[in-house]
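Colleague: mmCIF, C-alpha atoms, file coords.cif:
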```cif
data_target
#
loop_
_atom_site.group_PDB
_atom_site.id
_atom_site.type_symbol
_atom_site.label_atom_id
_atom_site.label_comp_id
_atom_site.auth_asym_id
_atom_site.auth_seq_id
_atom_site.Cartn_x
_atom_site.Cartn_y
_atom_site.Cartn_z
ATOM 1 C CA MET A 285 57.757 128.915 102.876
ATOM 2 C CA ILE A 286 57.936 128.203 106.632
ATOM 3 C CA ASN A 287 59.666 130.827 108.764
ATOM 4 C CA TYR A 288 61.715 128.484 110.919
ATOM 5 C CA ARG A 289 63.365 129.877 114.029
ATOM 6 C CA SER A 290 67.071 129.480 114.739
ATOM 7 C CA PHE A 291 66.943 126.803 117.418
ATOM 8 C CA ILE A 292 66.922 123.031 117.943
ATOM 9 C CA VAL A 293 64.946 121.295 120.705
ATOM 10 C CA GLY A 294 64.568 117.926 122.356
ATOM 11 C CA ILE A 295 61.249 116.229 123.108
ATOM 12 C CA LYS A 296 60.141 114.325 126.194
ATOM 13 C CA SER A 297 59.283 110.780 125.192
ATOM 14 C CA THR A 298 58.624 108.218 122.436
ATOM 15 C CA LYS A 299 55.809 110.211 120.819
ATOM 16 C CA LEU A 300 54.833 113.859 120.578
ATOM 17 C CA THR A 301 52.458 115.164 123.235
ATOM 18 C CA VAL A 302 49.625 117.513 122.320
ATOM 19 C CA LYS A 303 51.557 120.382 123.927
ATOM 20 C CA GLU A 304 54.709 119.532 121.968
ATOM 21 C CA LYS A 305 52.763 119.487 118.689
ATOM 22 C CA LYS A 306 51.363 122.929 119.505
ATOM 23 C CA PHE A 307 54.837 124.143 120.415
ATOM 24 C CA LEU A 308 56.380 122.909 117.145
ATOM 25 C CA LYS A 309 53.580 124.487 115.110
ATOM 26 C CA LYS A 310 53.852 127.800 116.953
ATOM 27 C CA PHE A 311 57.631 128.261 117.282
ATOM 28 C CA LYS A 312 58.840 126.249 114.253
ATOM 29 C CA PRO A 313 62.339 125.250 115.439
ATOM 30 C CA TRP A 314 64.921 124.679 112.702
ATOM 31 C CA GLY A 315 65.460 121.132 113.977
ATOM 32 C CA VAL A 316 64.728 118.502 116.631
ATOM 33 C CA ILE A 317 67.292 116.351 118.473
ATOM 34 C CA LEU A 318 66.570 112.811 119.702
ATOM 35 C CA PHE A 319 67.933 111.043 122.788
ATOM 36 C CA THR A 320 67.694 107.517 124.204
ATOM 37 C CA ARG A 321 64.462 108.526 125.965
ATOM 38 C CA ASN A 322 62.846 108.978 122.540
ATOM 39 C CA ILE A 323 63.860 105.593 121.112
ATOM 40 C CA LYS A 324 62.153 102.303 121.988
ATOM 41 C CA ASN A 325 62.368 100.426 118.676
ATOM 42 C CA ILE A 326 62.790 101.123 114.968
ATOM 43 C CA LYS A 327 59.080 101.213 114.107
ATOM 44 C CA GLN A 328 58.184 103.557 116.983
ATOM 45 C CA THR A 329 61.077 105.928 116.245
ATOM 46 C CA ARG A 330 60.230 106.043 112.541
ATOM 47 C CA LYS A 331 56.648 106.914 113.486
ATOM 48 C CA LEU A 332 57.948 109.673 115.798
ATOM 49 C CA THR A 333 60.214 111.269 113.192
ATOM 50 C CA SER A 334 57.478 111.019 110.552
ATOM 51 C CA SER A 335 55.048 112.801 112.896
ATOM 52 C CA ILE A 336 57.592 115.628 113.358
ATOM 53 C CA ARG A 337 58.137 116.011 109.611
ATOM 54 C CA LYS A 338 54.394 115.878 108.952
ATOM 55 C CA ILE A 339 53.955 119.055 111.026
ATOM 56 C CA PHE A 340 56.338 120.937 108.731
ATOM 57 C CA ARG A 341 55.496 119.036 105.516
ATOM 58 C CA ASN A 342 59.237 118.793 104.956
ATOM 59 C CA ILE A 343 60.821 115.423 104.147
ATOM 60 C CA ASN A 344 64.286 116.931 104.743
ATOM 61 C CA TYR A 345 63.428 118.479 108.124
ATOM 62 C CA PRO A 346 66.599 118.225 110.268
ATOM 63 C CA ILE A 347 66.436 115.573 112.980
ATOM 64 C CA LEU A 348 69.670 115.092 114.906
ATOM 65 C CA ILE A 349 71.138 112.486 117.239
ATOM 66 C CA ASP A 350 74.339 112.072 119.301
ATOM 67 C CA GLN A 351 75.538 108.737 117.958
ATOM 68 C CA GLU A 352 79.288 108.590 118.495
ATOM 69 C CA GLY A 353 79.541 104.957 119.633
ATOM 70 C CA GLY A 354 81.056 103.940 122.964
ATOM 71 C CA ARG A 355 79.579 105.863 125.910
ATOM 72 C CA VAL A 356 77.564 108.217 123.727
ATOM 73 C CA ASN A 357 75.193 105.757 122.110
ATOM 74 C CA ARG A 358 71.630 107.073 121.846
ATOM 75 C CA LEU A 359 70.675 103.980 119.835
ATOM 76 C CA LYS A 360 71.505 101.607 122.702
ATOM 77 C CA ASN A 361 67.867 100.458 122.951
ATOM 78 C CA LEU A 362 68.284 99.176 119.381
ATOM 79 C CA ILE A 363 71.913 97.977 119.316
ATOM 80 C CA SER A 364 75.069 98.114 121.435
ATOM 81 C CA PHE A 365 78.118 100.038 120.235
ATOM 82 C CA ASP A 366 79.744 100.063 123.686
ATOM 83 C CA ASN A 367 83.186 98.829 122.592
ATOM 84 C CA LEU A 368 83.322 100.902 119.415
ATOM 85 C CA THR A 369 84.761 104.059 120.945
ATOM 86 C CA SER A 370 86.628 106.787 119.107
ATOM 87 C CA GLU A 371 89.697 105.686 121.061
ATOM 88 C CA TYR A 372 89.322 102.180 119.567
ATOM 89 C CA PHE A 373 89.209 103.569 116.024
ATOM 90 C CA GLY A 374 92.071 105.969 116.773
ATOM 91 C CA LYS A 375 94.291 103.057 117.805
ATOM 92 C CA LYS A 376 93.296 101.127 114.677
ATOM 93 C CA PHE A 377 94.283 104.144 112.583
ATOM 94 C CA ILE A 378 97.778 104.162 114.112
ATOM 95 C CA HIS A 379 98.481 100.412 114.180
ATOM 96 C CA ASN A 380 96.701 99.040 111.113
ATOM 97 C CA ARG A 381 95.445 101.550 108.556
ATOM 98 C CA LYS A 382 93.887 98.858 106.355
ATOM 99 C CA GLU A 383 91.814 97.504 109.251
ATOM 100 C CA PHE A 384 90.893 101.056 110.284
ATOM 101 C CA ASN A 385 89.612 101.868 106.791
ATOM 102 C CA PHE A 386 87.540 98.692 106.710
ATOM 103 C CA PHE A 387 86.111 98.744 110.246
ATOM 104 C CA TYR A 388 85.478 102.485 110.578
ATOM 105 C CA LYS A 389 83.785 102.658 107.179
ATOM 106 C CA LEU A 390 81.653 99.655 108.156
ATOM 107 C CA PHE A 391 80.745 101.360 111.440
ATOM 108 C CA ILE A 392 79.745 104.578 109.633
ATOM 109 C CA ASP A 393 77.831 102.723 106.911
ATOM 110 C CA LYS A 394 75.804 100.680 109.403
ATOM 111 C CA THR A 395 75.224 103.655 111.730
ATOM 112 C CA SER A 396 73.981 105.668 108.732
ATOM 113 C CA GLU A 397 71.712 102.823 107.638
ATOM 114 C CA LEU A 398 70.161 102.603 111.098
ATOM 115 C CA MET A 399 69.767 106.376 111.326
ATOM 116 C CA LYS A 400 67.966 106.431 107.984
ATOM 117 C CA LEU A 401 65.684 103.606 109.125
ATOM 118 C CA ILE A 402 64.516 105.682 112.094
ATOM 119 C CA GLY A 403 64.332 108.957 110.141
ATOM 120 C CA VAL A 404 67.424 110.793 111.457
ATOM 121 C CA ASN A 405 69.562 112.810 109.011
ATOM 122 C CA ILE A 406 72.247 114.515 111.155
ATOM 123 C CA ASN A 407 74.769 112.898 113.486
ATOM 124 C CA THR A 408 76.522 115.143 116.013
ATOM 125 C CA SER A 409 79.830 113.470 115.238
ATOM 126 C CA PRO A 410 82.842 113.403 114.917
ATOM 127 C CA VAL A 411 84.349 114.556 118.222
ATOM 128 C CA LEU A 412 87.562 116.386 117.281
ATOM 129 C CA ASP A 413 88.650 117.143 120.844
ATOM 130 C CA LEU A 414 92.117 115.935 121.818
ATOM 131 C CA ARG A 415 92.714 113.264 124.479
ATOM 132 C CA ILE A 416 94.609 115.132 127.202
ATOM 133 C CA LYS A 417 96.065 113.516 130.324
ATOM 134 C CA ARG A 418 94.724 114.740 133.677
ATOM 135 C CA SER A 419 91.744 116.421 132.013
ATOM 136 C CA SER A 420 88.079 115.712 132.736
ATOM 137 C CA ASN A 421 86.924 112.302 131.570
ATOM 138 C CA ILE A 422 83.926 113.948 129.842
ATOM 139 C CA ILE A 423 85.930 113.565 126.618
ATOM 140 C CA GLY A 424 88.258 110.636 127.435
ATOM 141 C CA ASP A 425 87.681 107.692 125.064
ATOM 142 C CA ARG A 426 85.369 109.869 122.954
ATOM 143 C CA SER A 427 88.590 111.294 121.456
ATOM 144 C CA PHE A 428 90.474 109.610 118.611
ATOM 145 C CA SER A 429 93.936 110.661 119.801
ATOM 146 C CA ASN A 430 96.097 113.189 121.619
ATOM 147 C CA LYS A 431 97.684 114.143 118.288
ATOM 148 C CA PRO A 432 95.818 116.873 116.349
ATOM 149 C CA LYS A 433 96.877 115.672 112.873
ATOM 150 C CA ILE A 434 95.561 112.162 113.550
ATOM 151 C CA VAL A 435 92.284 113.550 114.923
ATOM 152 C CA SER A 436 92.000 115.804 111.864
ATOM 153 C CA LYS A 437 92.547 112.968 109.374
ATOM 154 C CA ILE A 438 90.061 110.649 111.084
ATOM 155 C CA GLY A 439 87.620 113.559 111.260
ATOM 156 C CA ASP A 440 87.852 114.050 107.485
ATOM 157 C CA PHE A 441 87.291 110.313 106.937
ATOM 158 C CA CYS A 442 84.227 110.390 109.199
ATOM 159 C CA ILE A 443 82.652 113.504 107.654
ATOM 160 C CA ASN A 444 83.214 112.325 104.083
ATOM 161 C CA HIS A 445 81.767 108.850 104.657
ATOM 162 C CA TYR A 446 78.708 110.146 106.484
ATOM 163 C CA HIS A 447 78.145 112.565 103.593
ATOM 164 C CA GLU A 448 78.465 109.691 101.111
ATOM 165 C CA ASN A 449 75.734 107.943 103.114
ATOM 166 C CA GLY A 450 73.457 111.011 102.991
ATOM 167 C CA ILE A 451 73.944 111.997 106.645
ATOM 168 C CA GLY A 452 75.003 115.441 107.864
ATOM 169 C CA THR A 453 77.695 115.806 110.542
ATOM 170 C CA VAL A 454 78.351 118.160 113.453
ATOM 171 C CA ILE A 455 82.008 118.517 114.437
ATOM 172 C CA LYS A 456 82.428 119.146 118.138
ATOM 173 C CA HIS A 457 83.302 120.820 120.415
ATOM 174 C CA ILE A 458 84.845 123.656 118.434
ATOM 175 C CA PRO A 459 87.541 124.945 119.002
ATOM 176 C CA GLY A 460 88.450 122.106 121.420
ATOM 177 C CA HIS A 461 87.187 120.649 124.715
ATOM 178 C CA GLY A 462 90.130 118.362 125.489
ATOM 179 C CA LEU A 463 91.916 120.638 127.972
ATOM 180 C CA ALA A 464 88.827 121.021 130.185
ATOM 181 C CA LYS A 465 89.565 119.935 133.764
ATOM 182 C CA VAL A 466 85.863 119.800 134.696
ATOM 183 C CA ASP A 467 82.675 118.585 133.000
ATOM 184 C CA SER A 468 80.870 121.505 131.329
ATOM 185 C CA HIS A 469 77.520 119.793 131.999
ATOM 186 C CA HIS A 470 78.058 120.763 135.649
ATOM 187 C CA PHE A 471 80.820 123.407 135.875
ATOM 188 C CA THR A 472 82.532 126.062 133.747
ATOM 189 C CA PRO A 473 85.921 124.809 132.490
ATOM 190 C CA THR A 474 88.694 127.401 132.171
ATOM 191 C CA VAL A 475 91.702 126.799 129.915
ATOM 192 C CA ASN A 476 94.890 128.804 130.592
ATOM 193 C CA LYS A 477 96.982 127.876 127.529
ATOM 194 C CA LYS A 478 98.271 130.642 125.250
ATOM 195 C CA LEU A 479 96.929 131.155 121.731
ATOM 196 C CA ASP A 480 100.148 129.949 120.054
ATOM 197 C CA TYR A 481 99.914 126.618 121.868
ATOM 198 C CA LEU A 482 96.200 126.230 121.106
ATOM 199 C CA ARG A 483 96.652 126.953 117.391
ATOM 200 C CA LYS A 484 99.240 124.168 117.101
ATOM 201 C CA LYS A 485 97.260 121.689 119.205
ATOM 202 C CA ASP A 486 93.542 121.803 120.034
ATOM 203 C CA PHE A 487 92.479 124.298 117.359
ATOM 204 C CA LEU A 488 94.445 122.527 114.605
ATOM 205 C CA ALA A 489 92.180 119.462 114.671
ATOM 206 C CA PHE A 490 89.216 121.609 113.525
ATOM 207 C CA LYS A 491 90.869 123.298 110.540
ATOM 208 C CA LYS A 492 89.675 122.761 106.943
ATOM 209 C CA LYS A 493 86.644 120.653 107.798
ATOM 210 C CA ASN A 494 83.821 120.412 105.246
ATOM 211 C CA SER A 495 81.129 119.582 107.794
ATOM 212 C CA ILE A 496 78.068 121.822 107.331
ATOM 213 C CA PHE A 497 77.696 122.068 111.123
ATOM 214 C CA ALA A 498 79.914 122.566 114.171
ATOM 215 C CA MET A 499 79.008 122.669 117.874
ATOM 216 C CA THR A 500 80.620 125.187 120.218
ATOM 217 C CA ALA A 501 82.393 124.333 123.476
ATOM 218 C CA HIS A 502 81.054 125.783 126.741
ATOM 219 C CA ILE A 503 84.644 126.585 127.795
ATOM 220 C CA ILE A 504 86.468 129.776 128.761
ATOM 221 C CA PHE A 505 89.841 130.256 127.035
ATOM 222 C CA LYS A 506 91.247 132.678 129.589
ATOM 223 C CA ASN A 507 93.969 134.244 127.442
ATOM 224 C CA ILE A 508 91.549 135.070 124.616
ATOM 225 C CA ASP A 509 88.327 135.958 126.481
ATOM 226 C CA ALA A 510 88.521 135.672 130.265
ATOM 227 C CA GLN A 511 84.815 136.429 130.792
ATOM 228 C CA ASN A 512 82.857 134.287 128.343
ATOM 229 C CA THR A 513 82.585 130.674 127.254
ATOM 230 C CA VAL A 514 83.138 130.102 123.524
ATOM 231 C CA THR A 515 79.358 129.945 123.044
ATOM 232 C CA HIS A 516 79.002 133.488 124.425
ATOM 233 C CA SER A 517 82.257 134.982 123.144
ATOM 234 C CA LYS A 518 82.436 137.251 120.094
ATOM 235 C CA LYS A 519 86.235 137.000 120.262
ATOM 236 C CA MET A 520 86.222 133.200 120.219
ATOM 237 C CA ILE A 521 83.651 132.928 117.450
ATOM 238 C CA SER A 522 85.612 135.459 115.399
ATOM 239 C CA LEU A 523 88.685 133.236 115.921
ATOM 240 C CA ILE A 524 86.710 130.161 114.831
ATOM 241 C CA ARG A 525 85.657 131.989 111.670
ATOM 242 C CA LYS A 526 88.945 133.721 110.797
ATOM 243 C CA LYS A 527 91.777 131.590 112.227
ATOM 244 C CA ILE A 528 90.278 128.103 112.203
ATOM 245 C CA GLY A 529 88.349 128.942 109.054
ATOM 246 C CA PHE A 530 84.986 127.343 109.806
ATOM 247 C CA LYS A 531 82.524 129.076 107.491
ATOM 248 C CA ASN A 532 79.361 127.007 107.963
ATOM 249 C CA ILE A 533 76.609 126.752 110.601
ATOM 250 C CA LEU A 534 77.686 127.141 114.241
ATOM 251 C CA ILE A 535 75.371 125.465 116.760
ATOM 252 C CA SER A 536 75.679 126.151 120.476
ATOM 253 C CA ASP A 537 76.099 123.212 122.827
ATOM 254 C CA ASP A 538 73.068 122.646 125.079
ATOM 255 C CA LEU A 539 71.926 125.940 126.639
ATOM 256 C CA SER A 540 70.709 124.184 129.784
ATOM 257 C CA MET A 541 74.200 122.948 130.739
ATOM 258 C CA LYS A 542 75.509 124.342 134.039
ATOM 259 C CA SER A 543 78.651 125.798 132.431
ATOM 260 C CA LEU A 544 76.480 128.712 131.278
ATOM 261 C CA LYS A 545 75.658 130.816 134.332
ATOM 262 C CA SER A 546 72.881 133.103 133.073
ATOM 263 C CA SER A 547 69.146 132.461 132.745
ATOM 264 C CA ILE A 548 67.865 130.455 129.780
ATOM 265 C CA SER A 549 66.716 133.665 128.074
ATOM 266 C CA GLN A 550 70.095 135.344 128.592
ATOM 267 C CA ASN A 551 71.985 132.216 127.546
ATOM 268 C CA THR A 552 69.972 132.228 124.312
ATOM 269 C CA ILE A 553 70.396 135.934 123.559
ATOM 270 C CA LYS A 554 74.121 135.937 124.393
ATOM 271 C CA ALA A 555 74.774 132.958 122.092
ATOM 272 C CA PHE A 556 73.190 134.759 119.128
ATOM 273 C CA ASN A 557 74.921 138.038 119.965
ATOM 274 C CA ALA A 558 78.278 136.241 120.055
ATOM 275 C CA GLY A 559 77.731 134.801 116.579
ATOM 276 C CA CYS A 560 76.125 131.361 116.964
ATOM 277 C CA ASN A 561 73.762 130.636 114.067
ATOM 278 C CA LEU A 562 71.570 128.109 115.873
ATOM 279 C CA VAL A 563 71.102 127.328 119.567
ATOM 280 C CA LEU A 564 70.473 123.907 121.082
ATOM 281 C CA HIS A 565 68.155 123.084 123.985
ATOM 282 C CA CYS A 566 67.934 119.427 124.975
ATOM 283 C CA ASN A 567 66.049 118.711 128.203
ATOM 284 C CA ALA A 568 62.500 118.928 126.744
ATOM 285 C CA ASN A 569 61.309 121.307 129.479
ATOM 286 C CA LEU A 570 58.458 123.084 127.685
ATOM 287 C CA ARG A 571 58.665 126.230 129.789
ATOM 288 C CA GLU A 572 62.360 126.614 128.945
ATOM 289 C CA MET A 573 61.731 125.672 125.307
ATOM 290 C CA GLU A 574 59.227 128.508 124.970
ATOM 291 C CA ILE A 575 61.787 130.973 126.365
ATOM 292 C CA VAL A 576 64.371 129.754 123.839
ATOM 293 C CA GLY A 577 61.798 129.923 121.041
ATOM 294 C CA LYS A 578 60.742 133.474 121.886
ATOM 295 C CA ASN A 579 64.379 134.623 121.926
ATOM 296 C CA SER A 580 65.423 132.876 118.714
ATOM 297 C CA PRO A 581 65.225 134.886 115.475
ATOM 298 C CA ILE A 582 63.747 133.675 112.204
ATOM 299 C CA ILE A 583 66.469 131.921 110.196
ATOM 300 C CA ASN A 584 68.452 134.316 108.003
ATOM 301 C CA LYS A 585 69.746 134.008 104.416
ATOM 302 C CA PHE A 586 73.014 132.444 105.606
ATOM 303 C CA ILE A 587 71.206 129.599 107.418
ATOM 304 C CA ILE A 588 68.836 129.128 104.466
ATOM 305 C CA LYS A 589 71.811 128.857 102.081
ATOM 306 C CA LYS A 590 73.680 126.382 104.293
ATOM 307 C CA THR A 591 70.509 124.336 104.913
ATOM 308 C CA SER A 592 70.183 124.024 101.118
ATOM 309 C CA GLN A 593 73.750 122.667 101.005
ATOM 310 C CA PHE A 594 72.802 120.159 103.730
ATOM 311 C CA ASN A 595 69.706 119.160 101.742
ATOM 312 C CA ARG A 596 71.932 118.323 98.764
ATOM 313 C CA ILE A 597 74.014 116.008 100.944
ATOM 314 C CA ILE A 598 71.033 114.063 102.270
ATOM 315 C CA SER A 599 69.058 113.820 99.022
#
```
Let me see whether you can do it: turn the structure in this file into structure tokens.
Modeller:
Amino acid sequence: MINYRSFIVGIKSTKLTVKEKKFLKKFKPWGVILFTRNIKNIKQTRKLTSSIRKIFRNINYPILIDQEGGRVNRLKNLISFDNLTSEYFGKKFIHNRKEFNFFYKLFIDKTSELMKLIGVNINTSPVLDLRIKRSSNIIGDRSFSNKPKIVSKIGDFCINHYHENGIGTVIKHIPGHGLAKVDSHHFTPTVNKKLDYLRKKDFLAFKKKNSIFAMTAHIIFKNIDAQNTVTHSKKMISLIRKKIGFKNILISDDLSMKSLKSSISQNTIKAFNAGCNLVLHCNANLREMEIVGKNSPIINKFIIKKTSQFNRIIS
């Protein structure tokens, strides 16, 4: 049995370099995430994902992608989903439920089919963040609605249909990114709302979700933990576990985002100490990847158990 380490990495281009192959063999990350830079066409991408799985001799090896539709469309070199935003489907849900059921299921079915063709088995979707006026546009039309119950219902629909298609999902950005006034790729957002408000609004959209994976928000909720982003906060992760009730695998958002102010090594260590199960590193910088790998523990029994549950979904 391979002793995978508790992290996920990106790679540089459309095929593995010699150095990347050595890295994967040495550090054995739990998973790999693909971006547009890795995808030229179906045949090439299938060859890439097969070469990754060949290293681990694991046909179920987790390979992820951010394929929301709209602005976040890593498959854009293969097909355009520019108009098919979460906002579009959210409006369909409100105005014509029959059309929503038909079109959103079709979207998920065809996205799943394409993902399987290229060898991807996890989609970091759905986004369950609320659409909030005067907040950063980093979420914007990636949100289904400003109403938590609508977001929650569409989220359930999305998770269930991806599972039916043999694709894992990652709900994001738990416990809610919608109130962020700045983009966490570049700055640290701070949210001042009280816990009572958050439980009825942003946090509510994430409750009772059967996704095997969730991604943390790099946001400070000032009234709960004034010092740490969710990714680095024991208090926030305890709240996610106990109050929101998410019991499965927690993945950090990208450790190289500027919202996190420490070094890559400290960002990695702090995420695990706070309670993240896996950490994510996306920019394919080998020097940084090695730091993340060295500071990531071997996967524990909890991750092994949950990975087995994921394997049942995709097989």
Colleague: Taking the file as shown, find all residues satisfying the PyMOL selection byres ((chain A and resi 523-529) around 8) and write them as a PyMOL selection string.
Modeller: chain A and resi 458-459+487-488+490-492+519-522+530-531
Colleague: One decimal, Å: what's the distance from atom CA of Asn569 of chain A over to atom CA of Asp537 of chain A, could you say?
Modeller: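 Distance reported for this atom pair: 16.3 Å.
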Colleague: Segment 416-495 of chain A near segment 359-376 of chain A within 8 Å: what's each residue's closest atom pair and its distance in Å to one decimal, counting only C-alpha atoms, ordered by chain then ascending residue number, as JSON lines?
Modeller:
```
{"residue": "A:Asp425", "atom": "CA", "partner": "A:Glu371", "partner_atom": "CA", "distance": 4.9}
{"residue": "A:Arg426", "atom": "CA", "partner": "A:Ser370", "partner_atom": "CA", "distance": 5.1}
{"residue": "A:Ser427", "atom": "CA", "partner": "A:Ser370", "partner_atom": "CA", "distance": 5.4}
{"residue": "A:Phe428", "atom": "CA", "partner": "A:Gly374", "partner_atom": "CA", "distance": 4.4}
{"residue": "A:Ser429", "atom": "CA", "partner": "A:Gly374", "partner_atom": "CA", "distance": 5.9}
{"residue": "A:Ile434", "atom": "CA", "partner": "A:Gly374", "partner_atom": "CA", "distance": 7.8}
{"residue": "A:Val435", "atom": "CA", "partner": "A:Gly374", "partner_atom": "CA", "distance": 7.8}
{"residue": "A:Ile438", "atom": "CA", "partner": "A:Gly374", "partner_atom": "CA", "distance": 7.6}
```
Colleague: What is the atom CA of Lys389 of chain A to atom CA of Val404 of chain A distance in Å?
Modeller: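 Computing the Euclidean distance for atom CA of Lys389 of chain A and atom CA of Val404 of chain A yields 18.8 Å.
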Colleague: I'd like to know which of A:Lys590, A:His469, A:Lys578, A:Lys456 is closest to Asn561 of chain A, using only C-alpha atoms.
Modeller: A:Lys590
Colleague: Please measure the separation of atom CA of Phe594 of chain A and atom CA of Phe319 of chain A, giving the value in Å to one decimal.
Modeller: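 Taking atom CA of Phe594 of chain A and atom CA of Phe319 of chain A, their separation equals 21.7 Å.
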Colleague: Using all atoms listed in the file, which of A:Arg358, A:His379, A:His565, A:Lys309 sits nearest Ser335 of chain A?
Modeller: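 Closest to Ser335 of chain A of all the choices is A:Lys309.
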Colleague: Could you give me, as a list in words, the residues within 7 Å of Glu352 of chain A, counting all atoms listed in the file and dropping anything in the same chain fewer than 2 positions from it?
Modeller: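 So, after excluding close chain neighbours, the residues are Asp350, Gly354, Val356, Asn357, Ser409 and Pro410 of chain A.
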Colleague: Applying 10 Å and only C-alpha atoms, which residues near Ser297 of chain A remain after dropping the ones on its own chain fewer than 4 positions away? List them as a PyMOL selection string.
Modeller: chain A and resi 301+318-324+332+568
Colleague: Given only C-alpha atoms as the basis, pick out the residue of A:Ser436, A:Ser334, A:Ser599, A:Ser546 nearest to Glu448 of chain A.
Modeller: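 Answer, going by the shortest atom-to-atom distance: A:Ser599.
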Colleague: Written as JSON, numbers by chain, what is the full residue list that the PyMOL selection byres ((chain A and resi 421) around 12) yields on the file shown?
Modeller: {"A": [355, 413, 414, 415, 416, 417, 418, 419, 420, 422, 423, 424, 425, 426, 427, 461, 462, 463, 464, 465, 466, 467, 468]}
Colleague: Please identify all polymer residues lying at most 10 Å from the point (70.5, 124.8, 105.2) (file coordinates), using only C-alpha atoms, and present the result as a PyMOL selection string.
Modeller: chain A and resi 314+345-346+496-497+532-533+583+585-596
Colleague: Go through A:Pro432, A:Ile504, A:Gly559, A:Lys310 and flag the residue nearest Arg483 of chain A, using all atoms listed in the file for the distances.
Modeller: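 Result for the nearest residue to Arg483 of chain A: A:Pro432.
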Colleague: The PyMOL selection byres ((chain A and resi 495) around 8) - which residues does that actually catch in the file I just gave you? List them as a list in words.
Modeller: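 Written out, the selection comes to Ile443, Gly452, Thr453, Val454, Ile455, Lys493, Asn494, Ile496, Phe497, Ala498 and Asn532 of chain A.
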Colleague: Hey, could you patch up segment 374-386 of chain A with N, CA and C atoms and hand it over as an mmCIF file, in the coordinates of the input?
Modeller:
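To be explicit, this is the file written out as part03.cif:
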```
data_model
loop_
_atom_site.group_PDB
_atom_site.id
_atom_site.type_symbol
_atom_site.label_atom_id
_atom_site.label_comp_id
_atom_site.auth_asym_id
_atom_site.auth_seq_id
_atom_site.Cartn_x
_atom_site.Cartn_y
_atom_site.Cartn_z
ATOM 1 N N GLY A 374 90.813 105.228 116.816
ATOM 2 C CA GLY A 374 92.071 105.969 116.773
ATOM 3 C C GLY A 374 93.272 105.043 116.839
ATOM 4 N N LYS A 375 93.194 104.027 117.694
ATOM 5 C CA LYS A 375 94.291 103.057 117.805
ATOM 6 C C LYS A 375 94.407 102.219 116.534
ATOM 7 N N LYS A 376 93.280 101.858 115.953
ATOM 8 C CA LYS A 376 93.296 101.127 114.677
ATOM 9 C C LYS A 376 94.001 101.956 113.598
ATOM 10 N N PHE A 377 93.699 103.242 113.578
ATOM 11 C CA PHE A 377 94.283 104.144 112.583
ATOM 12 C C PHE A 377 95.806 104.139 112.680
ATOM 13 N N ILE A 378 96.331 104.128 113.896
ATOM 14 C CA ILE A 378 97.778 104.162 114.112
ATOM 15 C C ILE A 378 98.425 102.818 113.793
ATOM 16 N N HIS A 379 97.819 101.719 114.231
ATOM 17 C CA HIS A 379 98.481 100.412 114.180
ATOM 18 C C HIS A 379 98.191 99.599 112.918
ATOM 19 N N ASN A 380 97.037 99.833 112.299
ATOM 20 C CA ASN A 380 96.701 99.040 111.113
ATOM 21 C C ASN A 380 95.717 99.832 110.248
ATOM 22 N N ARG A 381 96.266 100.627 109.353
ATOM 23 C CA ARG A 381 95.445 101.550 108.556
ATOM 24 C C ARG A 381 94.421 100.798 107.693
ATOM 25 N N LYS A 382 94.799 99.632 107.198
ATOM 26 C CA LYS A 382 93.887 98.858 106.355
ATOM 27 C C LYS A 382 92.669 98.399 107.169
ATOM 28 N N GLU A 383 92.919 97.921 108.382
ATOM 29 C CA GLU A 383 91.814 97.504 109.251
ATOM 30 C C GLU A 383 90.970 98.709 109.654
ATOM 31 N N PHE A 384 91.636 99.834 109.950
ATOM 32 C CA PHE A 384 90.893 101.056 110.284
ATOM 33 C C PHE A 384 89.934 101.421 109.158
ATOM 34 N N ASN A 385 90.449 101.488 107.941
ATOM 35 C CA ASN A 385 89.612 101.868 106.791
ATOM 36 C C ASN A 385 88.401 100.955 106.672
ATOM 37 N N PHE A 386 88.625 99.667 106.857
ATOM 38 C CA PHE A 386 87.540 98.692 106.710
ATOM 39 C C PHE A 386 86.530 98.828 107.850
#
```
